Amino acid sequence: MDLRTRILEAAADLLSRSAEADFSTRAVCEAAGVGAPALYRQFGDKEGLMAAVVDHGFEKYLAGKRAARPSDDPVRDLRDGWENHVAFAVGNPNYYRLMYSGLSTPPNAAAEAHGLLLEVLERCAAAGRLAVAPAVAAQMVMAANAGVALSMITRPALYPDTGFSVRVRESVLAGILAGEPAEPAGGVAATAATLGAQLRKDAPAALSAAEVTLLQEWLDRLAE
């Protein structure tokens, strides 16, 4: 095990056992058997170490999401993604609290999780199921999903009902999803979101790069 991994493993162990979702660099150094200069050379400062620990802890969760095969129903995948997100938070509360509320600079795992959500929403839009632009939908879903997860792990006594997450999820989805593709629900915004997603996926050769960029801008504005 190399030096960096040894420090990360020690910090991860301390974090998982902490009641405050925190650890001291002195404790990490003692557990890893290294001096403070070695830790700071690897991670810069404590916040850099904490961000690296969060990325380390989220790797298994993100690896599963990367490897997951999309189903034929992107809306179902969206619902499943929400539930997996909450389940990870409940099972790994200290990592999650740091990920979404404990660091001034979000770790790389947060950006990747957002990007994976956006990919599912792009598929929803391409299937004619999204009533708003994918980027806007991603903001709405992630904010609500993280809010539910943080509420459940930081105030469990106030959120004992396991159906709470599902009710919030369905409320959010009602605000971003259009009807089935065969239905007229959603109007211009839904149509623009669908065309925008299809354009990002496969731009027609008949249009120049500048024309594609301009058309994408118009479609995004209509979708919003």
# chains A, B, ... in the order shown; residues from 1 in each chain; ligands from 1
call {"tool": "closest_atom_pairs", "arguments": {"of": "segment 82-173 of chain A", "to": "segment 189-207 of chain A", "cutoff": "12 Å", "atoms": "only C-alpha atoms", "output": "Markdown table"}}
result
| residue | atom | partner | partner_atom | distance |
| --- | --- | --- | --- | --- |
| A:Leu118 | CA | A:Ala197 | CA | 10.8 |
| A:Glu119 | CA | A:Ala197 | CA | 10.0 |
| A:Val120 | CA | A:Ala197 | CA | 11.0 |
| A:Leu121 | CA | A:Ala197 | CA | 9.0 |
| A:Glu122 | CA | A:Ala197 | CA | 5.6 |
| A:Arg123 | CA | A:Ala197 | CA | 7.5 |
| A:Cys124 | CA | A:Thr194 | CA | 8.1 |
| A:Ala125 | CA | A:Thr194 | CA | 4.5 |
| A:Ala126 | CA | A:Thr194 | CA | 4.8 |
| A:Ala127 | CA | A:Thr194 | CA | 6.8 |
| A:Gly128 | CA | A:Thr194 | CA | 5.2 |
| A:Arg129 | CA | A:Ala190 | CA | 7.4 |
| A:Leu130 | CA | A:Ala190 | CA | 5.7 |
| A:Ala131 | CA | A:Ala190 | CA | 3.9 |
| A:Val132 | CA | A:Ala193 | CA | 6.0 |
| A:Ala133 | CA | A:Ala193 | CA | 5.0 |
| A:Pro134 | CA | A:Ala193 | CA | 7.1 |
| A:Ala135 | CA | A:Ala193 | CA | 9.9 |
| A:Val136 | CA | A:Ala193 | CA | 10.4 |
| A:Ala137 | CA | A:Ala193 | CA | 10.4 |
call {"tool": "select_by_dssp", "arguments": {"residues": "segment 53-215 of chain A", "states": "helix (DSSP H, G or I)", "output": "ChimeraX atom specification"}}
result
/A:53-67,74-91,93-102,108-126,134-154,156-158,164-176,187-201,209-215
call {"tool": "closest_residue", "arguments": {"among": "A:Pro93, A:Gly147, A:Pro70, A:Pro160", "to": "Ala19 of chain A", "atoms": "only C-alpha atoms"}}
result
A:Pro93
call {"tool": "residues_around", "arguments": {"residues": "Phe88 of chain A", "least_positions_apart": "4", "cutoff": "10 Å", "atoms": "only C-alpha atoms", "output": "MDAnalysis selection string"}}
result
chainID A and resid 58 61 83:84 92:93 95:96 149
call {"tool": "write_last_selection", "arguments": {"atoms": "all heavy atoms", "output": "compact mmCIF listing (two decimals), in the first residue's frame"}}
result
# COMPACT_ATOMS: atom_id res chain seq x y z
N PHE A 58 -16.77 7.40 -1.83
CA PHE A 58 -17.84 7.34 -2.83
C PHE A 58 -17.47 6.50 -4.04
O PHE A 58 -18.31 6.26 -4.91
CB PHE A 58 -18.18 8.76 -3.31
CG PHE A 58 -19.31 9.40 -2.55
CD1 PHE A 58 -19.13 9.81 -1.24
CD2 PHE A 58 -20.54 9.59 -3.14
CE1 PHE A 58 -20.16 10.39 -0.53
CE2 PHE A 58 -21.58 10.17 -2.44
CZ PHE A 58 -21.40 10.58 -1.13
N TYR A 61 -19.71 3.44 -4.72
CA TYR A 61 -21.04 3.87 -5.13
C TYR A 61 -21.04 4.35 -6.58
O TYR A 61 -21.87 3.95 -7.39
CB TYR A 61 -21.50 4.99 -4.20
CG TYR A 61 -22.72 5.76 -4.67
CD1 TYR A 61 -23.98 5.18 -4.65
CD2 TYR A 61 -22.61 7.08 -5.11
CE1 TYR A 61 -25.10 5.89 -5.06
CE2 TYR A 61 -23.71 7.80 -5.52
CZ TYR A 61 -24.96 7.20 -5.50
OH TYR A 61 -26.05 7.90 -5.91
N GLU A 83 -33.41 6.46 -5.34
CA GLU A 83 -33.43 5.54 -4.21
C GLU A 83 -32.03 5.06 -3.84
O GLU A 83 -31.69 4.93 -2.66
CB GLU A 83 -34.35 4.36 -4.51
CG GLU A 83 -35.81 4.74 -4.66
CD GLU A 83 -36.34 5.52 -3.47
OE1 GLU A 83 -36.05 5.14 -2.31
OE2 GLU A 83 -37.03 6.55 -3.68
N ASN A 84 -31.20 4.80 -4.85
CA ASN A 84 -29.82 4.38 -4.58
C ASN A 84 -29.03 5.49 -3.87
O ASN A 84 -28.20 5.22 -3.00
CB ASN A 84 -29.11 4.00 -5.88
CG ASN A 84 -29.66 2.72 -6.48
OD1 ASN A 84 -30.25 1.90 -5.78
ND2 ASN A 84 -29.48 2.55 -7.77
N ASN A 92 -23.97 5.47 4.74
CA ASN A 92 -22.65 6.11 4.90
C ASN A 92 -22.83 7.57 5.28
O ASN A 92 -22.41 8.47 4.54
CB ASN A 92 -21.85 6.00 3.60
CG ASN A 92 -21.67 4.57 3.13
OD1 ASN A 92 -20.72 3.90 3.50
ND2 ASN A 92 -22.60 4.09 2.31
N PRO A 93 -23.45 7.83 6.43
CA PRO A 93 -23.85 9.21 6.76
C PRO A 93 -22.70 10.20 6.87
O PRO A 93 -22.84 11.35 6.47
CB PRO A 93 -24.58 9.05 8.10
CG PRO A 93 -24.07 7.76 8.67
CD PRO A 93 -23.83 6.88 7.48
N TYR A 95 -19.67 10.20 5.34
CA TYR A 95 -19.19 10.55 4.01
C TYR A 95 -20.17 11.51 3.34
O TYR A 95 -19.78 12.49 2.70
CB TYR A 95 -19.05 9.30 3.14
CG TYR A 95 -17.84 8.47 3.42
CD1 TYR A 95 -17.96 7.21 3.98
CD2 TYR A 95 -16.56 8.94 3.14
CE1 TYR A 95 -16.84 6.43 4.25
CE2 TYR A 95 -15.44 8.17 3.40
CZ TYR A 95 -15.58 6.91 3.95
OH TYR A 95 -14.48 6.16 4.21
N TYR A 96 -21.45 11.19 3.48
CA TYR A 96 -22.46 11.99 2.78
C TYR A 96 -22.55 13.40 3.33
O TYR A 96 -22.68 14.37 2.57
CB TYR A 96 -23.83 11.30 2.88
CG TYR A 96 -24.80 11.85 1.86
CD1 TYR A 96 -24.87 11.33 0.58
CD2 TYR A 96 -25.62 12.93 2.18
CE1 TYR A 96 -25.73 11.87 -0.36
CE2 TYR A 96 -26.47 13.47 1.24
CZ TYR A 96 -26.52 12.93 -0.03
OH TYR A 96 -27.37 13.47 -0.96
N ALA A 149 -31.91 13.27 1.61
CA ALA A 149 -30.90 12.41 2.22
C ALA A 149 -30.31 13.06 3.47
O ALA A 149 -30.17 12.42 4.53
CB ALA A 149 -29.81 12.09 1.21
call {"tool": "closest_residue", "arguments": {"among": "A:Ala146, A:Leu3, A:Ile176, A:Leu103", "to": "Lys46 of chain A", "atoms": "only C-alpha atoms"}}
result
A:Leu103
call {"tool": "closest_residue", "arguments": {"among": "A:Glu20, A:Asp13, A:Asp55, A:Asp220", "to": "Met99 of chain A", "atoms": "only C-alpha atoms"}}
result
A:Asp55
call {"tool": "residues_around", "arguments": {"residues": "Leu117 of chain A", "least_positions_apart": "4", "cutoff": "10 Å", "atoms": "only C-alpha atoms", "output": "list in words"}}
result
Lys65, Asp77, Leu78, Gly81, Trp82, Ala111, Glu112, Ala113, Leu121, Glu122, Pro134, Ala135, Ala137, Ala138, Gln139, Val141 and Met142 of chain A
call {"tool": "decode", "arguments": {"residues": "segment 21-36 of chain A", "atoms": "all heavy atoms", "output": "tab-separated table (two decimals), in the first residue's frame"}}
result
chain	number	residue	atom	x	y	z
A	21	ALA	N	-18.60	13.49	12.20
A	21	ALA	CA	-18.18	13.49	10.79
A	21	ALA	C	-16.92	14.34	10.61
A	21	ALA	O	-16.83	15.17	9.72
A	21	ALA	CB	-19.30	14.00	9.87
A	22	ASP	N	-15.93	14.11	11.48
A	22	ASP	CA	-14.70	14.90	11.44
A	22	ASP	C	-13.55	14.05	11.99
A	22	ASP	O	-13.77	12.99	12.58
A	22	ASP	CB	-14.86	16.16	12.29
A	22	ASP	CG	-13.80	17.21	12.00
A	22	ASP	OD1	-13.01	17.01	11.04
A	22	ASP	OD2	-13.75	18.22	12.72
A	23	PHE	N	-12.35	14.52	11.77
A	23	PHE	CA	-11.17	13.88	12.33
A	23	PHE	C	-10.06	14.93	12.40
A	23	PHE	O	-10.12	15.96	11.71
A	23	PHE	CB	-10.72	12.68	11.49
A	23	PHE	CG	-10.54	12.98	10.02
A	23	PHE	CD1	-9.48	13.74	9.55
A	23	PHE	CD2	-11.46	12.50	9.10
A	23	PHE	CE1	-9.31	14.01	8.21
A	23	PHE	CE2	-11.31	12.78	7.74
A	23	PHE	CZ	-10.24	13.52	7.29
A	24	SER	N	-9.05	14.67	13.21
A	24	SER	CA	-7.91	15.59	13.28
A	24	SER	C	-6.78	15.03	12.44
A	24	SER	O	-6.63	13.82	12.30
A	24	SER	CB	-7.45	15.75	14.73
A	24	SER	OG	-6.84	14.56	15.20
A	25	THR	N	-5.98	15.93	11.88
A	25	THR	CA	-4.84	15.47	11.09
A	25	THR	C	-3.83	14.75	11.98
A	25	THR	O	-3.15	13.83	11.53
A	25	THR	CB	-4.16	16.65	10.37
A	25	THR	OG1	-3.81	17.66	11.32
A	25	THR	CG2	-5.09	17.24	9.31
A	26	ARG	N	-3.75	15.14	13.25
A	26	ARG	CA	-2.83	14.46	14.16
A	26	ARG	C	-3.25	12.99	14.31
A	26	ARG	O	-2.40	12.09	14.27
A	26	ARG	CB	-2.83	15.14	15.53
A	26	ARG	CG	-2.09	14.32	16.59
A	26	ARG	CD	-2.15	14.96	17.96
A	26	ARG	NE	-1.13	15.98	18.11
A	26	ARG	CZ	-0.91	16.66	19.24
A	26	ARG	NH1	-1.68	16.43	20.29
A	26	ARG	NH2	0.05	17.56	19.30
A	27	ALA	N	-4.55	12.75	14.48
A	27	ALA	CA	-5.04	11.38	14.62
A	27	ALA	C	-4.78	10.57	13.36
A	27	ALA	O	-4.43	9.39	13.42
A	27	ALA	CB	-6.53	11.38	14.96
A	28	VAL	N	-4.96	11.21	12.21
A	28	VAL	CA	-4.71	10.52	10.94
A	28	VAL	C	-3.23	10.14	10.83
A	28	VAL	O	-2.89	9.02	10.45
A	28	VAL	CB	-5.13	11.40	9.74
A	28	VAL	CG1	-4.70	10.75	8.43
A	28	VAL	CG2	-6.63	11.63	9.75
A	29	CYS	N	-2.36	11.07	11.17
A	29	CYS	CA	-0.92	10.80	11.10
A	29	CYS	C	-0.53	9.65	12.02
A	29	CYS	O	0.25	8.76	11.64
A	29	CYS	CB	-0.13	12.06	11.46
A	29	CYS	SG	-0.19	13.35	10.21
A	30	GLU	N	-1.09	9.66	13.22
A	30	GLU	CA	-0.78	8.58	14.17
A	30	GLU	C	-1.27	7.24	13.64
A	30	GLU	O	-0.56	6.22	13.72
A	30	GLU	CB	-1.41	8.88	15.52
A	30	GLU	CG	-0.75	10.05	16.26
A	30	GLU	CD	-1.46	10.38	17.56
A	30	GLU	OE1	-2.52	9.76	17.85
A	30	GLU	OE2	-0.95	11.25	18.31
A	31	ALA	N	-2.50	7.22	13.10
A	31	ALA	CA	-3.08	5.96	12.61
A	31	ALA	C	-2.32	5.44	11.39
A	31	ALA	O	-2.18	4.23	11.20
A	31	ALA	CB	-4.56	6.17	12.27
A	32	ALA	N	-1.85	6.37	10.55
A	32	ALA	CA	-1.16	5.96	9.32
A	32	ALA	C	0.33	5.75	9.55
A	32	ALA	O	1.02	5.22	8.66
A	32	ALA	CB	-1.37	7.01	8.23
A	33	GLY	N	0.84	6.20	10.69
A	33	GLY	CA	2.25	6.06	10.96
A	33	GLY	C	3.12	6.97	10.12
A	33	GLY	O	4.20	6.58	9.67
A	34	VAL	N	2.64	8.22	9.90
A	34	VAL	CA	3.39	9.19	9.10
A	34	VAL	C	3.49	10.50	9.86
A	34	VAL	O	2.75	10.74	10.81
A	34	VAL	CB	2.72	9.43	7.73
A	34	VAL	CG1	2.61	8.14	6.94
A	34	VAL	CG2	1.34	10.08	7.90
A	35	GLY	N	4.38	11.37	9.42
A	35	GLY	CA	4.49	12.69	9.99
A	35	GLY	C	3.59	13.67	9.27
A	35	GLY	O	3.15	13.43	8.13
A	36	ALA	N	3.30	14.80	9.93
A	36	ALA	CA	2.43	15.81	9.34
A	36	ALA	C	2.96	16.32	7.99
A	36	ALA	O	2.17	16.52	7.06
A	36	ALA	CB	2.25	16.97	10.31
